[in-house]
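protein.cif (mmCIF, C-alpha atoms and all ligand atoms) appears below.
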```cif
data_work
#
loop_
_atom_site.label_atom_id
_atom_site.label_comp_id
_atom_site.auth_asym_id
_atom_site.auth_seq_id
_atom_site.Cartn_x
_atom_site.Cartn_y
_atom_site.Cartn_z
CA MET A 1 -23.16 -23.94 -19.72
CA GLN A 2 -23.98 -20.35 -18.93
CA ILE A 3 -26.30 -19.00 -21.62
CA VAL A 4 -26.51 -15.25 -22.04
CA ILE A 5 -29.17 -14.09 -24.49
CA LEU A 6 -28.87 -10.46 -25.58
CA LYS A 7 -30.83 -8.26 -27.96
CA ASN A 8 -28.40 -7.94 -30.85
CA SER A 9 -24.87 -8.43 -32.12
CA ALA A 10 -23.66 -5.11 -30.66
CA GLU A 11 -24.66 -6.23 -27.16
CA VAL A 12 -23.04 -9.62 -27.73
CA ALA A 13 -19.75 -7.96 -28.73
CA GLU A 14 -19.82 -5.61 -25.75
CA TYR A 15 -20.59 -8.40 -23.28
CA GLY A 16 -17.85 -10.58 -24.79
CA ALA A 17 -15.30 -7.74 -24.79
CA ASN A 18 -16.04 -7.06 -21.12
CA ILE A 19 -15.20 -10.65 -20.20
CA PHE A 20 -11.77 -10.21 -21.81
CA ILE A 21 -11.27 -6.73 -20.34
CA LYS A 22 -11.97 -8.03 -16.83
CA GLN A 23 -9.64 -10.96 -17.41
CA LEU A 24 -6.79 -8.64 -18.42
CA GLN A 25 -7.47 -6.29 -15.52
CA ASN A 26 -7.25 -9.24 -13.13
CA ARG A 27 -4.26 -10.84 -14.75
CA ALA A 28 -2.01 -8.75 -16.99
CA ASP A 29 -0.09 -11.78 -18.27
CA SER A 30 -3.14 -13.77 -19.34
CA VAL A 31 -3.00 -16.39 -22.06
CA LEU A 32 -5.85 -15.77 -24.48
CA GLY A 33 -7.23 -18.13 -27.10
CA LEU A 34 -8.49 -16.15 -30.10
CA ALA A 35 -10.72 -16.79 -33.07
CA THR A 36 -11.25 -15.43 -36.57
CA GLY A 37 -14.45 -15.00 -38.60
CA SER A 38 -16.96 -12.17 -38.74
CA THR A 39 -18.44 -12.68 -35.28
CA PRO A 40 -15.44 -11.60 -33.12
CA LEU A 41 -14.70 -8.45 -35.15
CA ALA A 42 -16.75 -6.07 -32.99
CA LEU A 43 -15.36 -7.67 -29.82
CA TYR A 44 -11.83 -6.95 -31.10
CA GLN A 45 -12.87 -3.34 -31.75
CA GLY A 46 -13.98 -3.17 -28.11
CA LEU A 47 -10.58 -4.47 -26.97
CA ILE A 48 -8.75 -1.98 -29.19
CA GLU A 49 -10.81 0.88 -27.74
CA ALA A 50 -10.20 -0.31 -24.17
CA SER A 51 -6.49 -0.55 -24.91
CA LYS A 52 -6.39 2.96 -26.44
CA ALA A 53 -8.22 4.28 -23.36
CA ASN A 54 -5.50 2.61 -21.22
CA LYS A 55 -8.06 0.42 -19.47
CA ILE A 56 -6.06 -2.68 -20.45
CA SER A 57 -2.64 -3.51 -21.78
CA PHE A 58 -1.51 -6.46 -23.89
CA LYS A 59 2.17 -5.93 -23.07
CA ASP A 60 2.45 -9.19 -21.12
CA VAL A 61 -0.31 -11.12 -22.89
CA THR A 62 0.23 -14.29 -24.92
CA THR A 63 -2.31 -15.38 -27.54
CA PHE A 64 -3.02 -18.62 -29.37
CA ASN A 65 -5.35 -18.69 -32.34
CA LEU A 66 -7.64 -21.61 -32.96
CA ASP A 67 -6.80 -22.40 -36.54
CA GLU A 68 -5.19 -21.54 -39.84
CA TYR A 69 -5.53 -22.58 -43.47
CA LEU A 70 -2.94 -25.11 -44.50
CA GLY A 71 -1.02 -23.85 -47.50
CA LEU A 72 -1.27 -20.12 -46.84
CA GLU A 73 1.64 -18.06 -45.56
CA GLY A 74 0.98 -15.50 -42.85
CA THR A 75 1.44 -12.70 -45.40
CA HIS A 76 -1.49 -13.99 -47.50
CA PRO A 77 -4.48 -11.64 -47.05
CA GLN A 78 -6.82 -14.60 -46.43
CA SER A 79 -4.59 -16.22 -43.84
CA TYR A 80 -5.76 -16.06 -40.29
CA ARG A 81 -2.38 -14.65 -39.20
CA TYR A 82 -2.97 -11.72 -41.56
CA PHE A 83 -6.54 -11.32 -40.26
CA MET A 84 -5.35 -11.17 -36.65
CA ASN A 85 -2.65 -8.61 -37.43
CA GLU A 86 -5.14 -6.43 -39.30
CA GLN A 87 -8.07 -6.78 -36.90
CA LEU A 88 -6.29 -6.73 -33.56
CA PHE A 89 -2.54 -7.09 -33.13
CA ASP A 90 -1.53 -4.04 -35.20
CA HIS A 91 -3.72 -1.81 -33.03
CA ILE A 92 -2.68 -2.87 -29.52
CA ASP A 93 0.54 -2.90 -27.50
CA ILE A 94 1.10 -6.64 -27.85
CA ASP A 95 4.52 -8.12 -28.59
CA LYS A 96 3.85 -10.08 -31.80
CA ALA A 97 6.45 -12.62 -30.70
CA ASN A 98 3.86 -13.64 -28.10
CA THR A 99 1.06 -14.14 -30.64
CA PHE A 100 0.75 -17.65 -32.01
CA VAL A 101 -1.29 -18.86 -34.97
CA PRO A 102 -0.90 -22.44 -36.27
CA PRO A 103 1.72 -22.30 -39.03
CA GLY A 104 -0.15 -22.75 -42.31
CA ASP A 105 3.13 -22.82 -44.21
CA ALA A 106 4.82 -25.48 -42.06
CA GLU A 107 7.03 -27.86 -44.02
CA ASN A 108 5.92 -30.68 -41.76
CA PRO A 109 2.37 -29.85 -40.63
CA ILE A 110 2.04 -32.93 -38.45
CA GLN A 111 5.11 -31.99 -36.42
CA ALA A 112 3.89 -28.39 -36.35
CA CYS A 113 0.64 -29.52 -34.69
CA ASP A 114 2.52 -31.23 -31.87
CA GLY A 115 4.72 -28.14 -31.56
CA TYR A 116 1.63 -25.94 -31.21
CA GLU A 117 0.29 -28.08 -28.38
CA ALA A 118 3.69 -27.92 -26.67
CA LYS A 119 3.73 -24.12 -26.91
CA ILE A 120 0.27 -23.86 -25.31
CA GLU A 121 1.42 -26.12 -22.51
CA ALA A 122 4.66 -24.19 -22.02
CA ALA A 123 2.64 -20.97 -21.72
CA GLY A 124 0.71 -22.55 -18.83
CA GLY A 125 -2.47 -23.31 -20.79
CA ILE A 126 -5.18 -20.96 -22.06
CA ASP A 127 -7.07 -18.78 -19.56
CA ILE A 128 -9.97 -17.85 -21.86
CA GLN A 129 -10.70 -19.29 -25.27
CA LEU A 130 -12.90 -17.25 -27.61
CA LEU A 131 -15.00 -19.22 -30.10
CA GLY A 132 -17.35 -18.59 -32.98
CA ILE A 133 -19.52 -21.40 -34.29
CA GLY A 134 -20.12 -22.66 -37.81
CA ARG A 135 -23.61 -23.28 -39.19
CA ASN A 136 -22.72 -26.97 -38.91
CA GLY A 137 -21.70 -26.64 -35.27
CA HIS A 138 -17.97 -26.56 -35.89
CA ILE A 139 -15.64 -24.84 -33.43
CA GLY A 140 -12.27 -23.86 -34.80
CA PHE A 141 -12.05 -26.04 -37.88
CA ASN A 142 -13.30 -29.08 -35.96
CA GLU A 143 -15.92 -30.16 -38.43
CA PRO A 144 -18.73 -32.64 -37.64
CA SER A 145 -17.27 -36.10 -36.86
CA SER A 146 -14.22 -34.56 -35.15
CA GLY A 147 -13.10 -36.55 -32.13
CA LEU A 148 -14.40 -35.02 -28.93
CA MET A 149 -10.98 -35.43 -27.30
CA SER A 150 -8.97 -34.44 -30.40
CA ARG A 151 -5.81 -32.32 -30.21
CA THR A 152 -4.26 -29.87 -32.69
CA ARG A 153 -4.08 -31.58 -36.07
CA VAL A 154 -4.64 -31.27 -39.80
CA LYS A 155 -8.35 -31.27 -40.71
CA THR A 156 -10.17 -31.38 -44.03
CA LEU A 157 -12.84 -28.69 -44.36
CA THR A 158 -16.42 -29.61 -45.21
CA LYS A 159 -18.10 -28.35 -48.37
CA ALA A 160 -20.37 -26.17 -46.20
CA THR A 161 -17.40 -24.44 -44.54
CA ILE A 162 -15.62 -23.94 -47.85
CA GLU A 163 -18.80 -22.37 -49.25
CA ASP A 164 -19.29 -20.18 -46.17
CA ASN A 165 -15.72 -18.88 -46.42
CA ALA A 166 -15.66 -18.51 -50.22
CA ARG A 167 -16.93 -14.94 -49.75
CA PHE A 168 -13.48 -13.94 -48.51
CA PHE A 169 -11.66 -15.30 -51.58
CA GLY A 170 -11.61 -13.87 -55.11
CA THR A 171 -13.28 -16.03 -57.79
CA ASP A 172 -9.90 -17.07 -59.27
CA GLU A 173 -8.11 -17.22 -55.94
CA TYR A 174 -6.86 -20.51 -54.49
CA GLN A 175 -9.02 -21.47 -51.48
CA PRO A 176 -7.46 -24.10 -49.22
CA HIS A 177 -9.45 -27.22 -48.34
CA LEU A 178 -7.23 -28.19 -45.41
CA SER A 179 -6.48 -26.52 -42.13
CA ILE A 180 -4.54 -26.87 -38.91
CA THR A 181 -6.87 -26.52 -35.96
CA MET A 182 -6.74 -26.91 -32.21
CA GLY A 183 -8.66 -30.04 -31.34
CA ILE A 184 -11.85 -30.19 -29.32
CA GLY A 185 -9.82 -31.62 -26.43
CA THR A 186 -7.40 -28.67 -26.74
CA ILE A 187 -10.34 -26.24 -26.54
CA LEU A 188 -11.87 -28.07 -23.57
CA ASP A 189 -8.56 -27.66 -21.70
CA ALA A 190 -8.98 -23.86 -21.65
CA ARG A 191 -9.91 -22.65 -18.17
CA LYS A 192 -12.83 -20.65 -19.55
CA VAL A 193 -14.54 -20.80 -22.94
CA VAL A 194 -16.60 -17.96 -24.42
CA LEU A 195 -18.62 -18.77 -27.53
CA LEU A 196 -20.27 -15.93 -29.44
CA ALA A 197 -23.07 -16.47 -31.97
CA THR A 198 -25.29 -13.98 -33.72
CA GLY A 199 -27.91 -14.18 -36.44
CA GLU A 200 -30.61 -16.60 -37.43
CA ASN A 201 -28.27 -18.70 -39.56
CA LYS A 202 -26.64 -19.89 -36.30
CA ALA A 203 -29.93 -20.85 -34.61
CA ASP A 204 -29.80 -24.56 -35.58
CA ALA A 205 -26.17 -24.88 -34.45
CA ILE A 206 -27.00 -23.19 -31.12
CA LEU A 207 -30.02 -25.45 -30.62
CA ALA A 208 -27.83 -28.54 -31.19
CA THR A 209 -25.11 -27.15 -28.90
CA VAL A 210 -27.38 -26.31 -25.97
CA GLU A 211 -30.25 -28.78 -26.15
CA GLY A 212 -28.93 -31.53 -28.43
CA ALA A 213 -27.07 -34.66 -27.43
CA LEU A 214 -23.35 -34.63 -26.80
CA THR A 215 -22.18 -35.74 -30.21
CA ALA A 216 -19.31 -35.44 -32.65
CA SER A 217 -21.97 -34.47 -35.22
CA CYS A 218 -22.13 -31.10 -33.46
CA PRO A 219 -18.59 -30.38 -32.23
CA ALA A 220 -19.76 -27.41 -30.13
CA SER A 221 -21.94 -29.77 -28.06
CA ALA A 222 -18.66 -30.85 -26.41
CA LEU A 223 -18.90 -27.59 -24.44
CA GLN A 224 -21.62 -29.31 -22.40
CA LEU A 225 -18.68 -31.07 -20.71
CA HIS A 226 -16.84 -27.86 -19.84
CA LYS A 227 -16.89 -26.52 -16.29
CA ASN A 228 -16.78 -22.88 -17.29
CA ALA A 229 -18.31 -22.29 -20.71
CA VAL A 230 -20.43 -19.26 -21.52
CA LEU A 231 -22.49 -18.83 -24.67
CA VAL A 232 -23.15 -15.21 -25.52
CA ILE A 233 -25.81 -15.12 -28.22
CA ASP A 234 -28.33 -12.73 -29.67
CA GLU A 235 -32.10 -13.25 -29.86
CA ALA A 236 -31.86 -14.45 -33.47
CA ALA A 237 -29.25 -17.13 -32.70
CA ALA A 238 -31.32 -18.15 -29.65
CA SER A 239 -34.60 -18.25 -31.59
CA LYS A 240 -34.84 -22.06 -31.83
CA LEU A 241 -34.11 -22.78 -28.15
CA SER A 242 -37.10 -24.34 -26.39
CA ASP A 243 -37.34 -21.91 -23.48
CA CYS A 244 -35.45 -18.64 -23.88
CA GLU A 245 -37.39 -17.08 -21.00
CA PHE A 246 -36.07 -19.74 -18.64
CA TYR A 247 -32.45 -19.18 -19.79
CA LYS A 248 -32.92 -15.43 -19.30
CA HIS A 249 -34.37 -16.05 -15.84
CA ILE A 250 -31.35 -18.20 -14.86
CA GLU A 251 -29.00 -15.47 -16.07
CA SER A 252 -30.81 -12.74 -14.14
CA GLU A 253 -30.65 -14.89 -10.97
CA ASN A 254 -26.92 -15.41 -11.65
CA GLN A 255 -26.38 -11.67 -11.97
CA LYS A 256 -28.19 -11.03 -8.69
CA LEU A 257 -26.09 -13.64 -6.90
CA MET A 258 -22.85 -12.25 -8.35
CA ALA A 259 -23.82 -8.70 -7.33
CA ARG A 260 -24.60 -9.90 -3.80
CA LEU A 261 -21.21 -11.61 -3.61
CA GLY A 262 -19.49 -8.45 -4.86
CA PHE A 263 -18.37 -9.65 -8.31
P1 LIG B 301 -18.35 -16.48 -38.55
O1 LIG B 301 -17.58 -17.87 -38.48
O2 LIG B 301 -18.03 -15.76 -37.29
O3 LIG B 301 -17.76 -15.79 -39.76
O4 LIG B 301 -19.81 -16.80 -38.70
C1 LIG B 301 -17.65 -18.63 -37.31
C2 LIG B 301 -16.99 -19.97 -37.52
O5 LIG B 301 -17.04 -20.52 -38.63
O6 LIG B 301 -16.43 -20.49 -36.55
#
```

Starting from the coordinates I provided, produce the structure as structure tokens.
Amino acid sequence: MQIVILKNSAEVAEYGANIFIKQLQNRADSVLGLATGSTPLALYQGLIEASKANKISFKDVTTFNLDEYLGLEGTHPQSYRYFMNEQLFDHIDIDKANTFVPPGDAENPIQACDGYEAKIEAAGGIDIQLLGIGRNGHIGFNEPSSGLMSRTRVKTLTKATIEDNARFFGTDEYQPHLSITMGIGTILDARKVVLLATGENKADAILATVEGALTASCPASALQLHKNAVLVIDEAAASKLSDCEFYKHIESENQKLMARLGF
């Protein structure tokens, strides 16, 4: 895993956005895996600005989101489809027909999961998958105990995740307890994975991801198996790692090597 430790959340967003900007400049018809939550918001702002400045175009881009609440239609303000439209798709030149979010309103969710996998495959697989991380180490809605080779399926949310996300729902509003999520195996199939984490409340999850054992108890630890995973985290999220100075040293050596090779 490449570990990039930056000062604050603004630097994390900028670094993350640049990875996606470079990807789109190299390959206009990229297939992007996207995420919801608070963490990617500033990264999406960076992509919107780059798109408005004509540095990138989404005209030929296809996107697949990680997850969706089961039982919410895409028009529901708390659905992840709605979130993506509001936070990104409505502000860029993407063809919405090429944006995919697991169908939370599917009549047959089990079939819909297989259909989602088939669509990813038909698109040629995901070039870069963006991830946030839950306090419990979840990626997508792959909660602790998720199979490390799991595929897109229906998952029950943990109490912790329901509590973390309750802030988005009104007190009397129905909050789903089930989701459709890409599996850990689906995520590991992406050619590159970029996980963003900011804030002290993610420090335990980052510690388990980077220095803990490979275990279903921390789904993000599965990224230890990935050939091309980068963790972009701020000082607060990195604060429990055993040797931040060493990780920073590795990264600065990496940067020097890349510059020498002309990247
Ligand atoms: P957050 O959520 O970005 O809102 O912290 C991340 C996640 O639960 O994956």

**Request:** Find the residues around A:Ile3 up to 10 Å (only C-alpha atoms counted), leave out those fewer than 6 positions away in its own chain, and share them as number ranges by chain.
**Result:** A: 195, 210, 229-233, 238, 244, 247-248, 250-251

**Request:** Find, counting all atoms listed in the file, the residue in A:Tyr15, A:Phe246, A:Phe141, A:Phe263 that gets nearest to ligand LIG 301 (chain B).
**Result:**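 Of the candidates, the smallest distance to ligand LIG 301 (chain B) is held by A:Phe141.
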
**Message:** When you count only C-alpha atoms and all ligand atoms, which of these residues is closest to ligand LIG 301 (chain B): A:Ala118, A:Leu157, A:Leu24, A:Ala216?
**Reply:**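 Closest to ligand LIG 301 (chain B) of all the choices is A:Leu157.
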
**Request:** Let me have all residues with an atom within 8 Å of ligand LIG 301 (chain B), counting all atoms listed in the file, laid out as a PyMOL selection string.
**Result:** chain A and resi 35-40+131-135+138-141+161+164-165+197-198+202

With C-alpha atoms retained, could you export that selection as a PDB file, in the coordinates of the input?
```pdb
ATOM      1  CA  ALA A  35     -10.720 -16.790 -33.070  1.00  0.00           C
ATOM      2  CA  THR A  36     -11.250 -15.430 -36.570  1.00  0.00           C
ATOM      3  CA  GLY A  37     -14.450 -15.000 -38.600  1.00  0.00           C
ATOM      4  CA  SER A  38     -16.960 -12.170 -38.740  1.00  0.00           C
ATOM      5  CA  THR A  39     -18.440 -12.680 -35.280  1.00  0.00           C
ATOM      6  CA  PRO A  40     -15.440 -11.600 -33.120  1.00  0.00           C
ATOM      7  CA  LEU A 131     -15.000 -19.220 -30.100  1.00  0.00           C
ATOM      8  CA  GLY A 132     -17.350 -18.590 -32.980  1.00  0.00           C
ATOM      9  CA  ILE A 133     -19.520 -21.400 -34.290  1.00  0.00           C
ATOM     10  CA  GLY A 134     -20.120 -22.660 -37.810  1.00  0.00           C
ATOM     11  CA  ARG A 135     -23.610 -23.280 -39.190  1.00  0.00           C
ATOM     12  CA  HIS A 138     -17.970 -26.560 -35.890  1.00  0.00           C
ATOM     13  CA  ILE A 139     -15.640 -24.840 -33.430  1.00  0.00           C
ATOM     14  CA  GLY A 140     -12.270 -23.860 -34.800  1.00  0.00           C
ATOM     15  CA  PHE A 141     -12.050 -26.040 -37.880  1.00  0.00           C
ATOM     16  CA  THR A 161     -17.400 -24.440 -44.540  1.00  0.00           C
ATOM     17  CA  ASP A 164     -19.290 -20.180 -46.170  1.00  0.00           C
ATOM     18  CA  ASN A 165     -15.720 -18.880 -46.420  1.00  0.00           C
ATOM     19  CA  ALA A 197     -23.070 -16.470 -31.970  1.00  0.00           C
ATOM     20  CA  THR A 198     -25.290 -13.980 -33.720  1.00  0.00           C
ATOM     21  CA  LYS A 202     -26.640 -19.890 -36.300  1.00  0.00           C
TER      22      LYS A 202
END
```

**Residue list as a PyMOL selection string for point (2.7, -10.7, -30.9), cut-off 10 Å, only C-alpha atoms** = chain A and resi 58-64+84-85+89-90+92-101

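Minimum atom-to-atom distances from A:Tyr44, A:Tyr80, A:Tyr69, A:Phe20 to A:Ile180 were compared using only C-alpha atoms, and the lowest value belongs to A:Tyr69.
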
**Message:** Counting all atoms listed in the file, which residues have an atom no more than 9 Å from (-5.5, -14.6, -42.7) in the file's coordinates? Please list them as number ranges by chain.
**Reply:** A: 36, 68-69, 72-86

Any chance you could build stretch 123-134 of chain A out to all heavy atoms and write it as a CSV table (one decimal), in the coordinates of the input?
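As a result, result-v2.csv now contains:
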```
chain,number,residue,atom,x,y,z
A,123,ALA,N,3.2,-22.3,-22.1
A,123,ALA,CA,2.6,-21.0,-21.7
A,123,ALA,C,1.8,-21.1,-20.5
A,123,ALA,O,1.3,-20.1,-19.9
A,123,ALA,CB,1.9,-20.3,-22.9
A,124,GLY,N,1.5,-22.3,-20.0
A,124,GLY,CA,0.7,-22.6,-18.8
A,124,GLY,C,-0.8,-22.8,-19.1
A,124,GLY,O,-1.6,-22.8,-18.2
A,125,GLY,N,-1.1,-23.0,-20.4
A,125,GLY,CA,-2.5,-23.3,-20.8
A,125,GLY,C,-3.2,-22.0,-21.0
A,125,GLY,O,-2.7,-20.9,-20.7
A,126,ILE,N,-4.4,-22.1,-21.6
A,126,ILE,CA,-5.2,-21.0,-22.1
A,126,ILE,C,-6.2,-20.6,-21.0
A,126,ILE,O,-6.9,-21.4,-20.4
A,126,ILE,CB,-5.9,-21.3,-23.4
A,126,ILE,CG1,-4.8,-21.4,-24.5
A,126,ILE,CG2,-6.9,-20.2,-23.7
A,126,ILE,CD1,-5.4,-22.0,-25.8
A,127,ASP,N,-6.1,-19.3,-20.6
A,127,ASP,CA,-7.1,-18.8,-19.6
A,127,ASP,C,-8.5,-18.7,-20.1
A,127,ASP,O,-9.4,-19.1,-19.5
A,127,ASP,CB,-6.6,-17.4,-19.0
A,127,ASP,CG,-5.3,-17.6,-18.2
A,127,ASP,OD1,-5.3,-18.4,-17.3
A,127,ASP,OD2,-4.3,-16.8,-18.5
A,128,ILE,N,-8.6,-18.0,-21.3
A,128,ILE,CA,-10.0,-17.8,-21.9
A,128,ILE,C,-9.8,-18.1,-23.3
A,128,ILE,O,-9.0,-17.5,-24.0
A,128,ILE,CB,-10.6,-16.4,-21.8
A,128,ILE,CG1,-10.6,-15.9,-20.3
A,128,ILE,CG2,-12.0,-16.4,-22.4
A,128,ILE,CD1,-11.5,-14.7,-20.2
A,129,GLN,N,-10.7,-19.0,-23.8
A,129,GLN,CA,-10.7,-19.3,-25.3
A,129,GLN,C,-12.0,-18.7,-25.9
A,129,GLN,O,-13.1,-19.0,-25.5
A,129,GLN,CB,-10.7,-20.8,-25.5
A,129,GLN,CG,-10.8,-21.2,-27.0
A,129,GLN,CD,-9.6,-20.8,-27.8
A,129,GLN,OE1,-8.5,-21.1,-27.5
A,129,GLN,NE2,-9.9,-20.0,-28.8
A,130,LEU,N,-11.8,-17.8,-26.9
A,130,LEU,CA,-12.9,-17.2,-27.6
A,130,LEU,C,-13.3,-18.2,-28.8
A,130,LEU,O,-12.4,-18.7,-29.4
A,130,LEU,CB,-12.5,-15.9,-28.2
A,130,LEU,CG,-13.5,-15.1,-29.0
A,130,LEU,CD1,-14.7,-14.8,-28.2
A,130,LEU,CD2,-12.8,-13.8,-29.6
A,131,LEU,N,-14.6,-18.4,-29.0
A,131,LEU,CA,-15.0,-19.2,-30.1
A,131,LEU,C,-16.1,-18.6,-30.9
A,131,LEU,O,-17.0,-17.9,-30.3
A,131,LEU,CB,-15.6,-20.6,-29.6
A,131,LEU,CG,-14.7,-21.5,-28.8
A,131,LEU,CD1,-15.5,-22.7,-28.3
A,131,LEU,CD2,-13.5,-22.0,-29.7
A,132,GLY,N,-16.1,-18.8,-32.2
A,132,GLY,CA,-17.4,-18.6,-33.0
A,132,GLY,C,-18.0,-20.0,-33.2
A,132,GLY,O,-17.5,-21.0,-32.6
A,133,ILE,N,-18.9,-20.1,-34.0
A,133,ILE,CA,-19.5,-21.4,-34.3
A,133,ILE,C,-19.9,-21.4,-35.8
A,133,ILE,O,-20.5,-20.4,-36.3
A,133,ILE,CB,-20.7,-21.7,-33.3
A,133,ILE,CG1,-21.2,-23.2,-33.6
A,133,ILE,CG2,-21.8,-20.7,-33.5
A,133,ILE,CD1,-22.2,-23.6,-32.5
A,134,GLY,N,-19.7,-22.5,-36.4
A,134,GLY,CA,-20.1,-22.7,-37.8
A,134,GLY,C,-21.6,-23.1,-37.9
A,134,GLY,O,-22.2,-23.5,-36.9
```
